[in-house]
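> First the structure, then my questions, so here it is.
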Amino acid sequence: MKSFDTCSAVESGGNNNFDDDGREKRTGTLVTASAHIITAVIGSGVLSLAWAIAQLGWVAGTVILVTFAVINYYTSTMLADCYRSPDTGIRNYIYMDVVRAYLGGWKVKLCGLAQYGSLVGITIGYTITASISLVAIGKANCFHYKGHEARCSVSNYPLMAAFGTVQIVLSQIHNFHKLSFLSIIATVMSFSYASIGIGLALAALASGRVGKTDLTGTVVGVDVTGSDKIWRSFQAAGDIAFSYAFSVVLVEIQDTLRSSPPENKVMKKASLVGVSTTTAFYISCGCIGYAAFGNQAPGDFLTDFGFYEPYWLIDFANACIAIHLIAAYQVFAQPIFLFVEKKCNKAWPESNFITKEHYINIPLLGKCRINFLRLVWRTTYVMFSTVVAMIFPFFNAILGLIGAVTFWPLTVYFPVEMHMSQKKVKKYTMRWIGLKLLVLVCLIVSLLAAVGSIVGLISSVKAYKPFHNLD
């Protein structure tokens with residue numbers, strides 16, 4: 001039985017097991033990198049795009065979907081080209097190292113703050129979202145047997161605890177290089193629930209039971225107030241822009257790739273596969289969902305019960321979301337784990353607690369590699385993210401604000417600045433002006449989305465009840 005990294009046969013030494021920099025040999029391919037990207041990008045948020053299109057309308061919604069797909073792919077190719085340091089060609093293992101190699105100074109700390117703040121926020125948000133999907137399974141069964149008007153309540157806290165327990169086990173996977181099997185499973189799950197969502201929306205269209213749509217989306221005075229139209233439009237535009245972003249883990253994904261063919265070429269192809277696949281699902285879910293629900297599109301048409309039947313299919317789709325989030329949590333948590341462990345190894349290289357690997361035999365899994373720092377630190381982090389999720393069930397509103405704040409520096413500013421440094425783009429040339437305009441436009445989008453997120457967050461805080469079920 002082949003198992004993940006902490007439980008495997010002890011390999012014999014030899015140069016074939018290591019890369020030229022002395023680290024464990026990388027085995028990543030186009031397929032595994034594409035799976036990592038799709039796992040990171042396509043989340044359950046794909047099912048909320050109908051709501052986003054409803055706020056913006058057919059024209060603006062579709063244009064923004066396509067525009068930000070192109071922007072995210074374009075900037076990801078810039079970042080991929082910066083994986084190796086200029087002149088020396090040395091590999092950079094994390095995003096901060098890339099920024100240090102090309103820009104240096106205070107920008108390195110800004111990058112670290114934005115990246116790791118975003119990663120922490122995402123792991124907490126995924127804990128909440130997974131519990132919402134699991135709660136939806138229980139409620140779907142309740143509605144089926146008791147009627148759609150029944151008052152069905154399922155506690156999300158035990159489900160958050162169960163999610164955290166699974167993550168404690170999976171967090172012992174040694175590093176990002178060993179997550180391929182999880183990402184492939186997550187990719188299949190994301191295709192499954194997105195396809196089910198599209199299928200249910202198409203069935204609603206075929207039945208003729210559709211909502212009213214408009215070229216400009218929700219109608220002021222009918223569906224929303226004037227101020228709500230403005231704030232929700234800002235939030236929707238931001239949600240679409242951020243939904244494509246995977247720069248927060250791009251360098252870590254690229255660091256799993258084999259050195260031949262060149263990592264940047266493979267990563268560009270993987271980015272194209274990931275963004276193209278994502279765009280196809282986003283347009284399908286967003287536009288078909290909006291056509292089915294109209295201006296009253298729910299925030300998530302599986303967990304917010306845009307559909308009640310067939311209940312078993314709703315259950316299966318929500319189970320797929322939960323499984324996907326179990327894997328996606330690890331994709332975003334591994335960079336946090338490795339960052340702290342690297343710092344500890346550098347600070348206390350002689351400590352057996354930090355550096356020594358222990359081997360124990362576990363039935364069915366074989367010889368498992370255990371490190372005490374990894375065991376204690378990662379378990380503590382998962383417990384922290386789970387407790388925060390329990391205390392702040394409205395954290396997804398905070399996550400929207402974090403996304404607004406971190407999207408611009410990580411996805412646009414740093415890749416463009418490093419690209420201009422690498423290619424030595426001269427000031428005031430057409431290329432320089434075009435790139436600066438791109439940075440400025442994306443900054444404006446981020447600021448407007450941040451304002452919309454703050455308004456939404458204020459509403460969530462007003463309705464906040466500590467340790468109250470997410471009904």
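Ligands are numbered from 1 in the order shown, chains are lettered A, B, ... in the order of the structure tokens, and residues start at 1 in each chain.
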Report as a ChimeraX atom specification all protein, DNA and RNA residues lying within 9 Å of A:Asn175, evaluated on only C-alpha atoms, omitting residues in the same chain fewer than 6 positions from it.
/A:5,334-335,337-338
> Could the residues in this selection be saved with N, CA and C atoms as a tab-separated table (two decimals), in the first residue's frame?

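This is the output file again_27.tsv:
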chain	number	residue	atom	x	y	z
A	5	ASP	N	3.64	10.70	2.98
A	5	ASP	CA	5.06	10.80	3.29
A	5	ASP	C	5.46	10.38	4.68
A	334	GLN	N	0.10	23.95	4.35
A	334	GLN	CA	1.48	23.47	4.27
A	334	GLN	C	2.51	24.60	4.22
A	335	PRO	N	2.29	25.68	3.45
A	335	PRO	CA	3.27	26.78	3.48
A	335	PRO	C	3.43	27.39	4.87
A	337	PHE	N	3.01	25.74	7.78
A	337	PHE	CA	3.76	24.76	8.56
A	337	PHE	C	5.25	24.84	8.25
A	338	LEU	N	5.56	24.84	6.95
A	338	LEU	CA	6.96	24.77	6.53
A	338	LEU	C	7.72	26.05	6.87
> Which neighbours of A:Gln330 fall inside 12 Å, counting only C-alpha atoms, when residues of the same chain fewer than 3 positions from it are skipped, and could you give them as a ChimeraX atom specification?
/A:36,39-40,119-120,122-124,126-127,163-164,166-183,186,249,323-327,333-338,378,381-382
> What does the distance between atom CA of A:Met420 and atom CA of A:Asp87 come to in Å, to one decimal place?
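Pair atom CA of A:Met420 / atom CA of A:Asp87 returns 15.4 Å.
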> Any idea what's packed within 7 Å of A:Asn295, counting only C-alpha atoms, ignoring anything in its chain fewer than 6 positions away? Could you give it as a list in words?
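Using only C-alpha atoms, the neighbours found are Ala54, Gly211, Lys212, Thr213, Gly217 and Thr218 of chain A.
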> Just all heavy atoms for this one: save the residues we selected as a short mmCIF file (atom, residue, chain, number, x, y, z; two decimals), in the first residue's frame.

data_model
loop_
_atom_site.label_atom_id
_atom_site.label_comp_id
_atom_site.auth_asym_id
_atom_site.auth_seq_id
_atom_site.Cartn_x
_atom_site.Cartn_y
_atom_site.Cartn_z
N ALA A 54 -25.77 38.19 -10.35
CA ALA A 54 -27.05 38.87 -10.09
C ALA A 54 -26.84 40.31 -9.66
O ALA A 54 -27.65 41.19 -9.98
CB ALA A 54 -27.84 38.10 -9.02
N GLY A 211 -36.12 32.75 -12.48
CA GLY A 211 -36.26 34.09 -11.93
C GLY A 211 -36.06 35.16 -12.98
O GLY A 211 -35.65 34.87 -14.11
N LYS A 212 -36.34 36.40 -12.62
CA LYS A 212 -36.20 37.53 -13.55
C LYS A 212 -34.74 37.98 -13.58
O LYS A 212 -34.13 38.20 -12.53
CB LYS A 212 -37.10 38.69 -13.11
CG LYS A 212 -37.04 39.91 -14.01
CD LYS A 212 -37.95 41.01 -13.49
CE LYS A 212 -37.89 42.24 -14.39
NZ LYS A 212 -36.52 42.82 -14.47
N THR A 213 -34.20 38.10 -14.77
CA THR A 213 -32.82 38.58 -14.94
C THR A 213 -32.83 39.94 -15.63
O THR A 213 -33.85 40.36 -16.18
CB THR A 213 -31.98 37.59 -15.76
OG1 THR A 213 -32.50 37.52 -17.10
CG2 THR A 213 -32.00 36.20 -15.15
N GLY A 217 -28.44 43.52 -13.74
CA GLY A 217 -28.58 42.80 -12.47
C GLY A 217 -29.73 43.29 -11.62
O GLY A 217 -30.76 43.74 -12.14
N THR A 218 -29.55 43.18 -10.32
CA THR A 218 -30.62 43.54 -9.38
C THR A 218 -31.12 44.97 -9.64
O THR A 218 -30.34 45.86 -9.97
CB THR A 218 -30.13 43.43 -7.93
OG1 THR A 218 -28.90 44.15 -7.80
CG2 THR A 218 -29.92 41.98 -7.54
#
> Pick the closest to A:Leu447 from A:Ala237, A:Ile391, A:Ala319, A:Ile198: which is it, counting only C-alpha atoms?
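That would be A:Ala237, the residue with the smallest distance to A:Leu447.
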> Per residue of stretch 244-353 of chain A within 12 Å of stretch 92-99 of chain A, what are the shortest atom pair and its distance in Å to one decimal, counting only C-alpha atoms, with rows by chain and residue number, as a tab-separated table?

residue	atom	partner	partner_atom	distance
A:Phe246	CA	A:Tyr95	CA	11.8
A:Ser247	CA	A:Tyr95	CA	8.7
A:Val248	CA	A:Tyr95	CA	7.7
A:Val249	CA	A:Tyr95	CA	7.8
A:Leu250	CA	A:Tyr95	CA	7.9
A:Val251	CA	A:Tyr95	CA	5.6
A:Glu252	CA	A:Ile94	CA	5.7
A:Ile253	CA	A:Ile94	CA	9.4
A:Gln254	CA	A:Tyr93	CA	8.6
A:Asp255	CA	A:Tyr93	CA	5.9
A:Thr256	CA	A:Tyr93	CA	9.3
A:Leu257	CA	A:Tyr93	CA	11.3
A:Glu263	CA	A:Asn92	CA	11.6
A:Gln334	CA	A:Ile94	CA	11.3
A:Pro335	CA	A:Ile94	CA	7.9
A:Ile336	CA	A:Ile94	CA	10.5
A:Leu338	CA	A:Ile94	CA	9.6
A:Phe339	CA	A:Ile94	CA	8.5
A:Lys342	CA	A:Tyr93	CA	11.1
> Find the residues around stretch 62-64 of chain A up to 12 Å (only C-alpha atoms counted), leave out those fewer than 5 positions away in its own chain, and share them as a PyMOL selection string.
chain A and resi 49-50+52-57+69-72+215-217+233-234+236-244+279-280+282-288+290+442+445
> Taking 5 positions as the minimum chain separation for residues in the same chain, which residues sit within 12 Å of A:Phe353 when counting only C-alpha atoms? Answer as an mmCIF file with N, CA and C atoms, in the first residue's frame.

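Everything below was put into result_34.cif:
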data_model
loop_
_atom_site.group_PDB
_atom_site.id
_atom_site.type_symbol
_atom_site.label_atom_id
_atom_site.label_comp_id
_atom_site.auth_asym_id
_atom_site.auth_seq_id
_atom_site.Cartn_x
_atom_site.Cartn_y
_atom_site.Cartn_z
ATOM 1 N N GLU A 341 8.587 25.810 10.605
ATOM 2 C CA GLU A 341 9.553 24.732 10.825
ATOM 3 C C GLU A 341 10.938 25.096 10.297
ATOM 4 N N CYS A 344 12.479 27.432 12.829
ATOM 5 C CA CYS A 344 12.918 26.698 14.025
ATOM 6 C C CYS A 344 14.180 25.897 13.759
ATOM 7 N N ASN A 345 14.256 25.256 12.600
ATOM 8 C CA ASN A 345 15.452 24.491 12.246
ATOM 9 C C ASN A 345 16.687 25.384 12.143
ATOM 10 N N TRP A 348 17.491 26.624 15.981
ATOM 11 C CA TRP A 348 17.968 25.596 16.923
ATOM 12 C C TRP A 348 18.360 24.314 16.179
ATOM 13 N N HIS A 358 11.827 10.303 14.006
ATOM 14 C CA HIS A 358 11.641 9.024 14.689
ATOM 15 C C HIS A 358 10.783 8.125 13.801
ATOM 16 N N ILE A 370 8.057 10.269 12.234
ATOM 17 C CA ILE A 370 7.458 11.239 13.152
ATOM 18 C C ILE A 370 8.528 12.227 13.630
ATOM 19 N N ASN A 371 8.173 13.494 13.589
ATOM 20 C CA ASN A 371 9.044 14.542 14.121
ATOM 21 C C ASN A 371 8.249 15.280 15.194
ATOM 22 N N PHE A 372 8.830 15.442 16.392
ATOM 23 C CA PHE A 372 8.077 16.007 17.510
ATOM 24 C C PHE A 372 7.644 17.453 17.267
ATOM 25 N N LEU A 373 8.527 18.256 16.648
ATOM 26 C CA LEU A 373 8.147 19.638 16.338
ATOM 27 C C LEU A 373 6.957 19.637 15.388
ATOM 28 N N ARG A 374 7.050 18.832 14.338
ATOM 29 C CA ARG A 374 5.976 18.768 13.347
ATOM 30 C C ARG A 374 4.668 18.328 14.004
ATOM 31 N N LEU A 375 4.747 17.331 14.875
ATOM 32 C CA LEU A 375 3.559 16.801 15.535
ATOM 33 C C LEU A 375 2.903 17.852 16.437
ATOM 34 N N VAL A 376 3.711 18.506 17.263
ATOM 35 C CA VAL A 376 3.168 19.474 18.230
ATOM 36 C C VAL A 376 2.712 20.759 17.545
ATOM 37 N N TRP A 377 3.568 21.319 16.687
ATOM 38 C CA TRP A 377 3.271 22.595 16.045
ATOM 39 C C TRP A 377 2.042 22.494 15.134
#
> Hey, what does DSSP flag as helix (DSSP H, G or I) within stretch 306-394 of chain A? Can you give it to me as a PyMOL selection string?
chain A and resi 311-347+352-355+372-391
> Quote the spacing between atom CA of A:Glu350 and atom CA of A:Lys109 in Å to one decimal place.
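Between these atoms lies a distance of 27.5 Å.
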> Provide the atom CA of A:Gly138 to atom CA of A:Tyr308 distance in Å, to one decimal place.
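Distance reported for this atom pair: 12.1 Å.
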> Residues near A:Ile132, anyone? I mean within 9 Å using only C-alpha atoms, not counting same-chain ones fewer than 2 positions away, as a PyMOL selection string.
chain A and resi 127-130+134-137+156+159+303+318+322+470-471
> Next, write the just-selected residues to a file, as an mmCIF file, in the first residue's frame, keeping all heavy atoms as the atom set.

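Result saved to part-v2.cif:
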data_model
loop_
_atom_site.group_PDB
_atom_site.id
_atom_site.type_symbol
_atom_site.label_atom_id
_atom_site.label_comp_id
_atom_site.auth_asym_id
_atom_site.auth_seq_id
_atom_site.Cartn_x
_atom_site.Cartn_y
_atom_site.Cartn_z
ATOM 1 N N THR A 127 -12.608 25.784 7.375
ATOM 2 C CA THR A 127 -13.188 25.021 8.483
ATOM 3 C C THR A 127 -14.673 25.359 8.622
ATOM 4 O O THR A 127 -15.516 24.467 8.796
ATOM 5 C CB THR A 127 -12.451 25.340 9.797
ATOM 6 O OG1 THR A 127 -11.057 25.049 9.641
ATOM 7 C CG2 THR A 127 -13.017 24.527 10.949
ATOM 8 N N ILE A 128 -14.994 26.644 8.520
ATOM 9 C CA ILE A 128 -16.392 27.080 8.615
ATOM 10 C C ILE A 128 -17.199 26.576 7.421
ATOM 11 O O ILE A 128 -18.293 26.017 7.574
ATOM 12 C CB ILE A 128 -16.476 28.615 8.696
ATOM 13 C CG1 ILE A 128 -15.796 29.126 9.969
ATOM 14 C CG2 ILE A 128 -17.933 29.081 8.653
ATOM 15 C CD1 ILE A 128 -15.629 30.625 10.010
ATOM 16 N N THR A 129 -16.643 26.742 6.219
ATOM 17 C CA THR A 129 -17.365 26.368 4.999
ATOM 18 C C THR A 129 -17.631 24.869 4.941
ATOM 19 O O THR A 129 -18.716 24.434 4.525
ATOM 20 C CB THR A 129 -16.568 26.807 3.757
ATOM 21 O OG1 THR A 129 -16.280 28.201 3.847
ATOM 22 C CG2 THR A 129 -17.357 26.551 2.492
ATOM 23 N N ALA A 130 -16.656 24.064 5.367
ATOM 24 C CA ALA A 130 -16.853 22.613 5.379
ATOM 25 C C ALA A 130 -17.986 22.236 6.327
ATOM 26 O O ALA A 130 -18.826 21.378 6.007
ATOM 27 C CB ALA A 130 -15.563 21.909 5.791
ATOM 28 N N LEU A 134 -21.585 20.265 5.598
ATOM 29 C CA LEU A 134 -22.002 19.079 6.354
ATOM 30 C C LEU A 134 -23.341 19.319 7.053
ATOM 31 O O LEU A 134 -24.191 18.418 7.121
ATOM 32 C CB LEU A 134 -20.918 18.705 7.357
ATOM 33 C CG LEU A 134 -19.592 18.221 6.739
ATOM 34 C CD1 LEU A 134 -18.519 18.074 7.807
ATOM 35 C CD2 LEU A 134 -19.797 16.896 6.003
ATOM 36 N N VAL A 135 -23.544 20.534 7.562
ATOM 37 C CA VAL A 135 -24.837 20.889 8.155
ATOM 38 C C VAL A 135 -25.940 20.798 7.091
ATOM 39 O O VAL A 135 -27.051 20.325 7.363
ATOM 40 C CB VAL A 135 -24.784 22.314 8.752
ATOM 41 C CG1 VAL A 135 -26.192 22.860 8.997
ATOM 42 C CG2 VAL A 135 -23.995 22.321 10.055
ATOM 43 N N ALA A 136 -25.612 21.231 5.875
ATOM 44 C CA ALA A 136 -26.599 21.224 4.789
ATOM 45 C C ALA A 136 -27.064 19.800 4.473
ATOM 46 O O ALA A 136 -28.222 19.598 4.064
ATOM 47 C CB ALA A 136 -26.010 21.870 3.541
ATOM 48 N N ILE A 137 -26.175 18.812 4.657
ATOM 49 C CA ILE A 137 -26.568 17.415 4.421
ATOM 50 C C ILE A 137 -27.665 17.018 5.409
ATOM 51 O O ILE A 137 -28.695 16.451 5.029
ATOM 52 C CB ILE A 137 -25.349 16.483 4.552
ATOM 53 C CG1 ILE A 137 -24.344 16.760 3.419
ATOM 54 C CG2 ILE A 137 -25.790 15.017 4.526
ATOM 55 C CD1 ILE A 137 -23.057 15.984 3.539
ATOM 56 N N ASN A 156 -23.321 22.950 14.050
ATOM 57 C CA ASN A 156 -22.108 22.889 13.230
ATOM 58 C C ASN A 156 -20.840 22.658 14.047
ATOM 59 O O ASN A 156 -19.796 22.298 13.498
ATOM 60 C CB ASN A 156 -21.944 24.181 12.422
ATOM 61 C CG ASN A 156 -21.937 25.408 13.297
ATOM 62 O OD1 ASN A 156 -22.920 25.708 13.958
ATOM 63 N ND2 ASN A 156 -20.830 26.128 13.318
ATOM 64 N N LEU A 159 -19.240 19.229 13.943
ATOM 65 C CA LEU A 159 -18.724 19.011 12.596
ATOM 66 C C LEU A 159 -17.413 19.755 12.378
ATOM 67 O O LEU A 159 -16.504 19.257 11.706
ATOM 68 C CB LEU A 159 -19.773 19.452 11.566
ATOM 69 C CG LEU A 159 -21.102 18.675 11.651
ATOM 70 C CD1 LEU A 159 -22.144 19.290 10.739
ATOM 71 C CD2 LEU A 159 -20.872 17.218 11.295
ATOM 72 N N THR A 303 -25.903 25.037 -0.367
ATOM 73 C CA THR A 303 -26.034 25.147 1.086
ATOM 74 C C THR A 303 -27.139 26.110 1.502
ATOM 75 O O THR A 303 -27.648 26.026 2.621
ATOM 76 C CB THR A 303 -24.712 25.601 1.733
ATOM 77 O OG1 THR A 303 -24.331 26.873 1.210
ATOM 78 C CG2 THR A 303 -23.606 24.593 1.464
ATOM 79 N N ASN A 318 -22.838 18.202 -1.448
ATOM 80 C CA ASN A 318 -22.272 18.828 -0.247
ATOM 81 C C ASN A 318 -21.165 17.979 0.361
ATOM 82 O O ASN A 318 -20.200 18.513 0.912
ATOM 83 C CB ASN A 318 -23.382 19.088 0.780
ATOM 84 C CG ASN A 318 -24.148 20.364 0.491
ATOM 85 O OD1 ASN A 318 -23.561 21.440 0.373
ATOM 86 N ND2 ASN A 318 -25.464 20.258 0.356
ATOM 87 N N ALA A 322 -17.228 19.107 1.091
ATOM 88 C CA ALA A 322 -16.489 18.869 2.337
ATOM 89 C C ALA A 322 -15.183 18.135 2.081
ATOM 90 O O ALA A 322 -14.127 18.491 2.636
ATOM 91 C CB ALA A 322 -17.357 18.078 3.310
ATOM 92 N N LEU A 470 -25.097 27.853 12.830
ATOM 93 C CA LEU A 470 -25.177 28.545 11.549
ATOM 94 C C LEU A 470 -26.407 28.055 10.802
ATOM 95 O O LEU A 470 -26.344 27.212 9.936
ATOM 96 C CB LEU A 470 -23.902 28.256 10.716
ATOM 97 C CG LEU A 470 -22.595 28.697 11.353
ATOM 98 C CD1 LEU A 470 -21.422 28.247 10.475
ATOM 99 C CD2 LEU A 470 -22.555 30.195 11.533
ATOM 100 N N ASP A 471 -27.570 28.568 11.151
ATOM 101 C CA ASP A 471 -28.808 28.129 10.502
ATOM 102 C C ASP A 471 -29.041 28.922 9.232
ATOM 103 O O ASP A 471 -28.610 30.048 9.115
ATOM 104 C CB ASP A 471 -30.003 28.313 11.441
ATOM 105 C CG ASP A 471 -29.946 27.330 12.615
ATOM 106 O OD1 ASP A 471 -29.390 26.240 12.394
ATOM 107 O OD2 ASP A 471 -30.442 27.674 13.698
#
> Taking the chain letters and numbering used in this document, name the residues of stretch 190-389 of chain A that DSSP puts in strand (DSSP E), as number ranges by chain.
A: 358-362, 366-370
> Got a sec: who's within 12 Å of A:Phe143, counting only C-alpha atoms, leaving out chain neighbours fewer than 2 positions off, as a list in words?
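So the residues in contact are Ala136, Ile137, Gly138, Lys139, Ala140, Asn141, Tyr145, Lys146, Gly147, His148, Glu149, Ala150, Arg151, Cys152, Ser153, Val154, Phe305, Phe307, Tyr308, Glu309, Pro310, Tyr311, Trp312, Ile314 and Asp315 of chain A.
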> Can you write out the residues you just picked, keeping N, CA, C and O atoms, as a tab-separated table (two decimals), in the first residue's frame?

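Output below, filename out_37.tsv:
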chain	number	residue	atom	x	y	z
A	136	ALA	N	-25.61	21.23	5.87
A	136	ALA	CA	-26.60	21.22	4.79
A	136	ALA	C	-27.06	19.80	4.47
A	136	ALA	O	-28.22	19.60	4.06
A	137	ILE	N	-26.17	18.81	4.66
A	137	ILE	CA	-26.57	17.42	4.42
A	137	ILE	C	-27.66	17.02	5.41
A	137	ILE	O	-28.70	16.45	5.03
A	138	GLY	N	-27.43	17.32	6.69
A	138	GLY	CA	-28.43	17.00	7.71
A	138	GLY	C	-29.75	17.73	7.48
A	138	GLY	O	-30.84	17.15	7.63
A	139	LYS	N	-29.66	18.99	7.09
A	139	LYS	CA	-30.88	19.78	6.87
A	139	LYS	C	-31.63	19.32	5.62
A	139	LYS	O	-32.86	19.33	5.59
A	140	ALA	N	-30.89	18.91	4.59
A	140	ALA	CA	-31.55	18.42	3.37
A	140	ALA	C	-32.37	17.17	3.67
A	140	ALA	O	-33.50	17.02	3.17
A	141	ASN	N	-31.81	16.28	4.48
A	141	ASN	CA	-32.55	15.08	4.87
A	141	ASN	C	-33.78	15.45	5.70
A	141	ASN	O	-34.87	14.87	5.52
A	145	TYR	N	-37.89	14.75	4.66
A	145	TYR	CA	-38.82	13.93	5.43
A	145	TYR	C	-39.88	14.75	6.16
A	145	TYR	O	-40.99	14.26	6.40
A	146	LYS	N	-39.58	16.00	6.53
A	146	LYS	CA	-40.52	16.80	7.32
A	146	LYS	C	-41.18	17.92	6.54
A	146	LYS	O	-42.04	18.62	7.06
A	147	GLY	N	-40.72	18.13	5.30
A	147	GLY	CA	-41.28	19.22	4.50
A	147	GLY	C	-40.36	20.42	4.45
A	147	GLY	O	-39.58	20.66	5.37
A	148	HIS	N	-40.48	21.18	3.36
A	148	HIS	CA	-39.57	22.31	3.13
A	148	HIS	C	-39.78	23.46	4.10
A	148	HIS	O	-38.90	24.33	4.23
A	149	GLU	N	-40.90	23.50	4.76
A	149	GLU	CA	-41.17	24.58	5.70
A	149	GLU	C	-40.80	24.22	7.13
A	149	GLU	O	-40.97	25.03	8.05
A	150	ALA	N	-40.31	23.00	7.32
A	150	ALA	CA	-39.96	22.54	8.67
A	150	ALA	C	-38.79	23.34	9.23
A	150	ALA	O	-37.94	23.84	8.47
A	151	ARG	N	-38.75	23.47	10.52
A	151	ARG	CA	-37.63	24.16	11.17
A	151	ARG	C	-36.56	23.11	11.49
A	151	ARG	O	-36.67	22.36	12.47
A	152	CYS	N	-35.56	23.05	10.66
A	152	CYS	CA	-34.51	22.04	10.80
A	152	CYS	C	-33.22	22.71	11.28
A	152	CYS	O	-32.74	23.66	10.65
A	153	SER	N	-32.69	22.22	12.36
A	153	SER	CA	-31.47	22.80	12.91
A	153	SER	C	-30.45	21.70	13.18
A	153	SER	O	-30.78	20.67	13.77
A	154	VAL	N	-29.23	21.92	12.72
A	154	VAL	CA	-28.13	20.98	12.94
A	154	VAL	C	-26.95	21.76	13.48
A	154	VAL	O	-26.56	22.79	12.92
A	305	PHE	N	-29.95	26.24	-0.06
A	305	PHE	CA	-31.17	25.56	-0.51
A	305	PHE	C	-31.90	26.29	-1.62
A	305	PHE	O	-33.09	26.58	-1.54
A	307	PHE	N	-32.03	24.60	-4.11
A	307	PHE	CA	-32.70	23.35	-4.51
A	307	PHE	C	-32.92	22.50	-3.27
A	307	PHE	O	-32.08	22.45	-2.37
A	308	TYR	N	-34.05	21.79	-3.22
A	308	TYR	CA	-34.35	20.87	-2.13
A	308	TYR	C	-34.30	19.41	-2.60
A	308	TYR	O	-34.02	18.51	-1.83
A	309	GLU	N	-34.61	19.19	-3.86
A	309	GLU	CA	-34.68	17.83	-4.39
A	309	GLU	C	-33.90	17.74	-5.71
A	309	GLU	O	-33.77	18.75	-6.42
A	310	PRO	N	-33.42	16.54	-6.06
A	310	PRO	CA	-33.41	15.33	-5.25
A	310	PRO	C	-32.44	15.46	-4.06
A	310	PRO	O	-31.27	15.81	-4.27
A	311	TYR	N	-32.94	15.18	-2.88
A	311	TYR	CA	-32.16	15.44	-1.67
A	311	TYR	C	-30.87	14.64	-1.62
A	311	TYR	O	-29.86	15.10	-1.12
A	312	TRP	N	-30.92	13.40	-2.16
A	312	TRP	CA	-29.71	12.56	-2.13
A	312	TRP	C	-28.60	13.15	-2.99
A	312	TRP	O	-27.41	13.02	-2.68
A	314	ILE	N	-28.27	16.44	-3.55
A	314	ILE	CA	-27.79	17.59	-2.78
A	314	ILE	C	-26.81	17.12	-1.70
A	314	ILE	O	-25.77	17.73	-1.47
A	315	ASP	N	-27.16	16.00	-1.05
A	315	ASP	CA	-26.28	15.42	-0.03
A	315	ASP	C	-24.92	15.07	-0.62
A	315	ASP	O	-23.87	15.38	-0.04
